[in-house]
$ cat entry-v1.cif   # mmCIF, C-alpha atoms and all ligand atoms
data_final
#
loop_
_atom_site.label_atom_id
_atom_site.label_comp_id
_atom_site.auth_asym_id
_atom_site.auth_seq_id
_atom_site.Cartn_x
_atom_site.Cartn_y
_atom_site.Cartn_z
CA MET A 411 85.98 93.11 79.51
CA SER A 412 82.90 91.45 80.87
CA CYS A 413 82.24 89.77 84.20
CA PRO A 414 82.89 85.99 84.18
CA ALA A 415 79.91 85.47 86.50
CA CYS A 416 77.16 87.81 85.36
CA LYS A 417 78.40 89.28 82.01
CA ASN A 418 78.15 92.87 83.27
CA LYS A 419 80.83 95.24 81.88
CA LEU A 420 83.76 95.44 84.33
CA THR A 421 84.92 98.79 85.73
CA ILE A 422 88.57 99.70 86.44
CA PHE A 423 89.24 100.60 90.07
CA ILE A 424 92.67 102.02 90.96
CA ILE A 425 94.23 101.66 94.42
CA ALA A 426 97.94 102.35 95.04
CA ASN A 427 98.85 101.85 91.36
CA LEU A 428 96.93 98.58 91.26
CA LYS A 429 94.33 98.28 88.54
CA ILE A 430 91.58 95.98 89.68
CA LEU A 431 88.57 95.16 87.57
CA THR A 432 85.31 95.27 89.46
CA CYS A 433 81.78 94.21 88.66
CA GLU A 434 80.16 97.33 90.06
CA ASN A 435 76.37 97.65 90.34
CA SER A 436 76.01 93.97 89.59
CA CYS A 437 77.59 90.90 91.29
CA GLY A 438 80.50 92.81 92.89
CA GLY A 439 83.18 90.35 91.72
CA LEU A 440 86.85 91.35 91.53
CA TRP A 441 89.51 90.47 88.94
CA PHE A 442 93.22 90.59 89.82
CA SER A 443 95.68 90.04 86.98
CA ARG A 444 98.93 88.14 87.59
CA ASP A 445 100.92 91.42 87.51
CA GLN A 446 98.77 92.91 90.28
CA LEU A 447 99.06 89.70 92.30
CA LYS A 448 102.88 89.95 92.20
CA ILE A 449 102.86 93.22 94.16
CA ILE A 450 99.77 92.83 96.32
CA GLY A 451 101.66 91.03 99.12
CA SER A 452 103.88 94.07 99.68
CA LEU A 453 100.96 96.47 100.18
CA ASN A 454 99.45 97.48 103.51
CA PRO A 455 96.68 95.22 104.82
CA GLY A 456 93.25 96.73 104.40
CA LEU A 457 94.23 99.05 101.55
CA GLY A 458 91.73 97.27 99.33
CA LEU A 459 88.79 97.76 101.71
CA PRO A 460 87.01 100.16 99.27
CA LEU A 461 86.69 97.16 96.92
CA LEU A 462 84.39 95.48 99.43
CA LYS A 463 82.23 98.59 99.47
CA ILE A 464 81.52 98.88 95.75
CA LYS A 465 77.85 98.72 95.03
CA HIS A 466 76.65 95.20 94.33
CA VAL A 467 73.26 93.62 93.96
CA ASP A 468 72.45 90.49 95.96
CA GLY A 469 71.12 87.49 94.10
CA ILE A 470 72.41 88.58 90.69
CA LYS A 471 74.54 85.45 90.23
CA THR A 472 72.26 83.51 87.97
CA TYR A 473 75.36 82.15 86.23
CA ARG A 474 76.87 80.69 89.38
CA ARG A 475 76.57 77.08 88.29
CA VAL A 476 77.86 77.80 84.81
CA GLU A 477 81.58 77.66 84.09
CA HIS A 478 83.15 81.10 84.04
CA ILE A 479 85.07 82.42 81.03
CA CYS A 480 88.31 84.36 81.67
CA PRO A 481 87.57 88.09 81.18
CA TYR A 482 91.09 88.59 79.80
CA CYS A 483 91.78 85.54 77.62
CA LYS A 484 88.13 85.17 76.61
CA ASN A 485 88.60 81.64 75.24
CA THR A 486 89.63 79.87 78.45
CA LEU A 487 87.51 78.66 81.32
CA LEU A 488 88.35 79.57 84.88
CA PHE A 489 89.32 76.87 87.34
CA ARG A 490 87.48 77.02 90.66
CA HIS A 491 89.83 76.82 93.66
CA PHE A 492 86.99 76.87 96.18
CA PHE A 493 83.40 77.81 96.67
CA SER A 494 81.34 78.46 99.80
CA LYS A 495 77.60 78.79 99.34
CA LYS A 496 77.11 79.59 103.01
CA PHE A 497 79.53 82.52 102.88
CA ASP A 498 78.72 83.57 99.32
CA THR A 499 82.35 83.38 98.29
CA GLU A 500 84.30 81.79 95.50
CA VAL A 501 87.79 82.06 94.03
CA ASN A 502 88.51 81.06 90.44
CA GLN A 503 91.67 81.23 88.37
CA CYS A 504 92.64 81.29 84.73
CA ALA A 505 95.30 78.67 84.04
CA LYS A 506 96.46 80.60 80.96
CA CYS A 507 96.99 84.19 82.21
CA GLY A 508 97.12 83.41 85.95
CA GLY A 509 94.52 86.03 86.89
CA LEU A 510 92.24 85.44 89.87
CA TRP A 511 88.52 86.03 90.04
CA PHE A 512 87.16 86.75 93.54
CA ASP A 513 83.52 86.72 94.43
CA VAL A 514 83.50 87.86 98.05
CA ALA A 515 79.89 89.00 98.38
CA GLY A 516 79.71 87.31 101.81
CA LEU A 517 82.70 89.30 103.09
CA SER A 518 81.34 92.45 101.54
CA ASN A 519 77.96 92.07 103.28
CA ILE A 520 79.72 91.84 106.68
CA GLN A 521 81.05 95.40 106.16
CA SER A 522 77.62 96.92 106.68
CA MET A 523 77.08 95.21 110.06
CA THR A 524 77.53 96.87 113.46
CA GLU A 525 81.05 96.56 114.95
CA GLN A 526 79.94 93.85 117.39
CA HIS A 527 78.29 91.68 114.72
CA LYS A 528 81.12 92.37 112.31
CA LYS A 529 83.72 90.85 114.66
CA ILE A 530 81.67 87.68 115.24
CA SER A 531 80.79 87.31 111.56
CA LEU A 532 84.39 87.83 110.43
CA ASP A 533 85.59 85.16 112.86
CA LYS A 534 83.05 82.71 111.42
CA TYR A 535 83.86 83.76 107.86
CA PHE A 536 87.62 83.33 108.14
CA SER A 537 87.46 80.14 110.19
CA THR A 538 85.78 78.58 107.15
CA ILE A 539 87.46 80.41 104.27
CA LEU A 540 91.04 80.35 105.61
CA TYR A 541 91.13 77.28 107.79
CA LYS A 542 88.90 75.01 105.73
CA ASN A 543 88.69 76.21 102.11
CA ILE A 544 92.14 77.68 101.49
CA LYS A 545 94.01 75.31 103.82
CA ASN A 546 92.52 72.31 102.01
CA ILE A 547 93.69 73.30 98.54
CA PRO A 548 96.12 70.49 97.71
CA ILE A 549 99.61 71.89 97.06
CA ILE A 550 100.55 69.65 94.16
CA ASN A 551 103.24 71.89 92.71
CA GLU A 552 104.94 75.30 93.03
CA ASP A 553 102.28 77.02 90.94
CA VAL A 554 99.53 76.00 93.32
CA ASP A 555 101.69 77.05 96.26
CA GLU A 556 102.10 80.46 94.63
CA VAL A 557 98.39 80.88 93.98
CA VAL A 558 97.45 79.93 97.55
CA THR A 559 99.84 82.65 98.77
CA SER A 560 98.24 85.12 96.34
CA ILE A 561 94.73 84.26 97.57
CA VAL A 562 95.77 84.92 101.18
CA HIS A 563 97.43 88.18 100.09
CA VAL A 564 94.21 89.35 98.43
CA PHE A 565 92.16 88.64 101.57
CA LYS A 566 94.73 90.56 103.66
CA PHE A 567 94.62 93.41 101.15
CA LEU A 568 90.83 93.57 101.48
CA CYS A 569 90.69 93.40 105.30
CA PRO A 570 92.06 96.01 107.70
CA LYS A 571 94.45 94.90 110.44
CA GLY A 572 92.53 93.39 113.34
CA TYR A 573 89.88 91.99 111.03
CA PHE A 574 92.14 89.51 109.34
CA PRO A 575 93.40 86.70 111.63
CA GLU A 576 97.15 86.74 112.32
ZN ZN B 1 79.43 90.24 87.80
ZN ZN B 2 93.03 84.31 81.37
#

$ encode --input "entry-v1.cif" --output "structure tokens" --more "lines below"
Ligand SMILES: [Zn+2]
Ligand SMILES: [Zn+2]
Amino acid sequence: MSCPACKNKLTIFIIANLKILTCENSCGGLWFSRDQLKIIGSLNPGLGLPLLKIKHVDGIKTYRRVEHICPYCKNTLLFRHFFSKKFDTEVNQCAKCGGLWFDVAGLSNIQSMTEQHKKISLDKYFSTILYKNIKNIPIINEDVDEVVTSIVHVFKFLCPKGYFPE
């Protein structure tokens, strides 16, 4: 399967029986299938931290303004739930298979900061991503409600306790 954003070949990354597809050595994007999303909420927060540390190259996203094709269905376009240029983050979804595409380069870059800068940067990051972007997704039906919950679960999965706001 190839990356919806940069066309690089995706690599399988296994954490706690979850199979996550990662765009290693390129844009660093992450693909979570609907099956993985069903169980991710029951896993310990921060278990997915290694996913933020996979090698990625900054500035590779030349396809950012182009619509992304689902890596699984291949003939459907992903729907963008939100996008933050400032924080180099976007979350897209396939309406057909329900998988979610996460580009969290901004969150990933914070990981290499010193503890002091990390805390400040994470506060800024989440005050936008959680309290502006995710909170403003209009809940028009149960499916959207479910996906918003999944998005929050993925962020919790990626961030150790103490880094993710309560
Ligand atoms: Zn990529
Ligand atoms: Zn799909």

$ residues_near_ligand --input "entry-v1.cif" --ligand "ligand ZN 2 (chain B)" --cutoff "12 Å" --atoms "only C-alpha atoms and all ligand atoms" --output "PyMOL selection string"
chain A and resi 411+414+441-444+478-489+502-511

$ write_last_selection --input "entry-v1.cif" --atoms "C-alpha atoms" --output "PDB file, keeping the file's coordinate frame"
ATOM      1  CA  MET A 411      85.980  93.110  79.510  1.00  0.00           C
ATOM      2  CA  PRO A 414      82.890  85.990  84.180  1.00  0.00           C
ATOM      3  CA  TRP A 441      89.510  90.470  88.940  1.00  0.00           C
ATOM      4  CA  PHE A 442      93.220  90.590  89.820  1.00  0.00           C
ATOM      5  CA  SER A 443      95.680  90.040  86.980  1.00  0.00           C
ATOM      6  CA  ARG A 444      98.930  88.140  87.590  1.00  0.00           C
ATOM      7  CA  HIS A 478      83.150  81.100  84.040  1.00  0.00           C
ATOM      8  CA  ILE A 479      85.070  82.420  81.030  1.00  0.00           C
ATOM      9  CA  CYS A 480      88.310  84.360  81.670  1.00  0.00           C
ATOM     10  CA  PRO A 481      87.570  88.090  81.180  1.00  0.00           C
ATOM     11  CA  TYR A 482      91.090  88.590  79.800  1.00  0.00           C
ATOM     12  CA  CYS A 483      91.780  85.540  77.620  1.00  0.00           C
ATOM     13  CA  LYS A 484      88.130  85.170  76.610  1.00  0.00           C
ATOM     14  CA  ASN A 485      88.600  81.640  75.240  1.00  0.00           C
ATOM     15  CA  THR A 486      89.630  79.870  78.450  1.00  0.00           C
ATOM     16  CA  LEU A 487      87.510  78.660  81.320  1.00  0.00           C
ATOM     17  CA  LEU A 488      88.350  79.570  84.880  1.00  0.00           C
ATOM     18  CA  PHE A 489      89.320  76.870  87.340  1.00  0.00           C
ATOM     19  CA  ASN A 502      88.510  81.060  90.440  1.00  0.00           C
ATOM     20  CA  GLN A 503      91.670  81.230  88.370  1.00  0.00           C
ATOM     21  CA  CYS A 504      92.640  81.290  84.730  1.00  0.00           C
ATOM     22  CA  ALA A 505      95.300  78.670  84.040  1.00  0.00           C
ATOM     23  CA  LYS A 506      96.460  80.600  80.960  1.00  0.00           C
ATOM     24  CA  CYS A 507      96.990  84.190  82.210  1.00  0.00           C
ATOM     25  CA  GLY A 508      97.120  83.410  85.950  1.00  0.00           C
ATOM     26  CA  GLY A 509      94.520  86.030  86.890  1.00  0.00           C
ATOM     27  CA  LEU A 510      92.240  85.440  89.870  1.00  0.00           C
ATOM     28  CA  TRP A 511      88.520  86.030  90.040  1.00  0.00           C
TER      29      TRP A 511
END

$ closest_residue --input "entry-v1.cif" --among "A:Ala426, A:Gly439, A:Arg490, A:Gly516" --to "Leu532 (chain A)" --atoms "only C-alpha atoms"
A:Gly516

$ residues_around --input "entry-v1.cif" --residues "region 451-467 of chain A" --least-positions-apart "5" --cutoff "10 Å" --atoms "only C-alpha atoms" --output "number ranges by chain"
A: 423-426, 428, 430-440, 446, 514-522, 559-574

$ residues_around --input "entry-v1.cif" --residues "Pro548 (chain A)" --least-positions-apart "5" --cutoff "12 Å" --atoms "only C-alpha atoms" --output "ChimeraX atom specification"
/A:491-492,542-543,553-555,557-558

$ atom_distance --input "entry-v1.cif" --atom1 "CA of Lys419 (chain A)" --atom2 "atom ZN of ligand ZN 1 (chain B)"
7.9 Å

$ build_atoms --input "entry-v1.cif" --residues "region 450-483 of chain A" --atoms "N, CA and C atoms" --output "CSV table (one decimal), keeping the file's coordinate frame"
chain,number,residue,atom,x,y,z
A,450,ILE,N,100.8,92.6,95.3
A,450,ILE,CA,99.8,92.8,96.3
A,450,ILE,C,100.2,92.5,97.7
A,451,GLY,N,101.2,91.5,97.8
A,451,GLY,CA,101.7,91.0,99.1
A,451,GLY,C,102.5,92.1,99.8
A,452,SER,N,103.0,93.1,99.1
A,452,SER,CA,103.9,94.1,99.7
A,452,SER,C,103.1,95.3,100.1
A,453,LEU,N,101.8,95.3,99.8
A,453,LEU,CA,101.0,96.5,100.2
A,453,LEU,C,100.4,96.3,101.6
A,454,ASN,N,100.0,97.5,102.2
A,454,ASN,CA,99.4,97.5,103.5
A,454,ASN,C,98.1,96.7,103.6
A,455,PRO,N,97.9,95.9,104.7
A,455,PRO,CA,96.7,95.2,104.8
A,455,PRO,C,95.5,96.2,104.9
A,456,GLY,N,94.4,95.9,104.3
A,456,GLY,CA,93.2,96.7,104.4
A,456,GLY,C,93.2,97.8,103.4
A,457,LEU,N,94.2,98.0,102.6
A,457,LEU,CA,94.2,99.0,101.6
A,457,LEU,C,93.1,98.8,100.5
A,458,GLY,N,92.7,97.6,100.3
A,458,GLY,CA,91.7,97.3,99.3
A,458,GLY,C,90.3,97.3,99.9
A,459,LEU,N,90.1,97.7,101.1
A,459,LEU,CA,88.8,97.8,101.7
A,459,LEU,C,87.7,98.4,100.8
A,460,PRO,N,88.0,99.5,100.1
A,460,PRO,CA,87.0,100.2,99.3
A,460,PRO,C,86.4,99.2,98.2
A,461,LEU,N,87.2,98.1,97.9
A,461,LEU,CA,86.7,97.2,96.9
A,461,LEU,C,85.5,96.3,97.5
A,462,LEU,N,85.5,96.2,98.8
A,462,LEU,CA,84.4,95.5,99.4
A,462,LEU,C,83.1,96.4,99.5
A,463,LYS,N,83.3,97.7,99.3
A,463,LYS,CA,82.2,98.6,99.5
A,463,LYS,C,81.6,99.1,98.1
A,464,ILE,N,82.1,98.5,97.0
A,464,ILE,CA,81.5,98.9,95.8
A,464,ILE,C,80.1,98.3,95.7
A,465,LYS,N,79.3,99.1,95.0
A,465,LYS,CA,77.8,98.7,95.0
A,465,LYS,C,77.6,97.4,94.3
A,466,HIS,N,77.0,96.5,95.0
A,466,HIS,CA,76.6,95.2,94.3
A,466,HIS,C,75.2,94.8,94.7
A,467,VAL,N,74.6,94.0,93.8
A,467,VAL,CA,73.3,93.6,94.0
A,467,VAL,C,73.2,92.2,94.4
A,468,ASP,N,72.5,91.9,95.5
A,468,ASP,CA,72.4,90.5,96.0
A,468,ASP,C,71.6,89.7,95.0
A,469,GLY,N,72.0,88.4,94.9
A,469,GLY,CA,71.1,87.5,94.1
A,469,GLY,C,71.2,87.6,92.6
A,470,ILE,N,72.3,88.4,92.1
A,470,ILE,CA,72.4,88.6,90.7
A,470,ILE,C,73.1,87.4,90.0
A,471,LYS,N,73.7,86.5,90.8
A,471,LYS,CA,74.5,85.4,90.2
A,471,LYS,C,73.8,84.3,89.6
A,472,THR,N,73.0,84.6,88.6
A,472,THR,CA,72.3,83.5,88.0
A,472,THR,C,73.2,82.6,87.2
A,473,TYR,N,74.4,83.0,87.0
A,473,TYR,CA,75.4,82.2,86.2
A,473,TYR,C,76.3,81.3,87.1
A,474,ARG,N,76.0,81.3,88.4
A,474,ARG,CA,76.9,80.7,89.4
A,474,ARG,C,77.2,79.2,89.0
A,475,ARG,N,76.3,78.5,88.5
A,475,ARG,CA,76.6,77.1,88.3
A,475,ARG,C,77.2,76.9,86.9
A,476,VAL,N,77.3,77.9,86.2
A,476,VAL,CA,77.9,77.8,84.8
A,476,VAL,C,79.4,78.1,84.9
A,477,GLU,N,80.1,77.4,84.1
A,477,GLU,CA,81.6,77.7,84.1
A,477,GLU,C,81.9,79.1,83.7
A,478,HIS,N,82.8,79.7,84.3
A,478,HIS,CA,83.2,81.1,84.0
A,478,HIS,C,84.2,81.2,83.0
A,479,ILE,N,84.1,82.2,82.1
A,479,ILE,CA,85.1,82.4,81.0
A,479,ILE,C,86.0,83.5,81.5
A,480,CYS,N,87.3,83.4,81.3
A,480,CYS,CA,88.3,84.4,81.7
A,480,CYS,C,88.0,85.7,81.0
A,481,PRO,N,87.9,86.8,81.8
A,481,PRO,CA,87.6,88.1,81.2
A,481,PRO,C,88.7,88.6,80.3
A,482,TYR,N,89.9,88.1,80.5
A,482,TYR,CA,91.1,88.6,79.8
A,482,TYR,C,91.4,87.7,78.6
A,483,CYS,N,91.5,86.4,78.7
A,483,CYS,CA,91.8,85.5,77.6
A,483,CYS,C,90.6,85.3,76.7
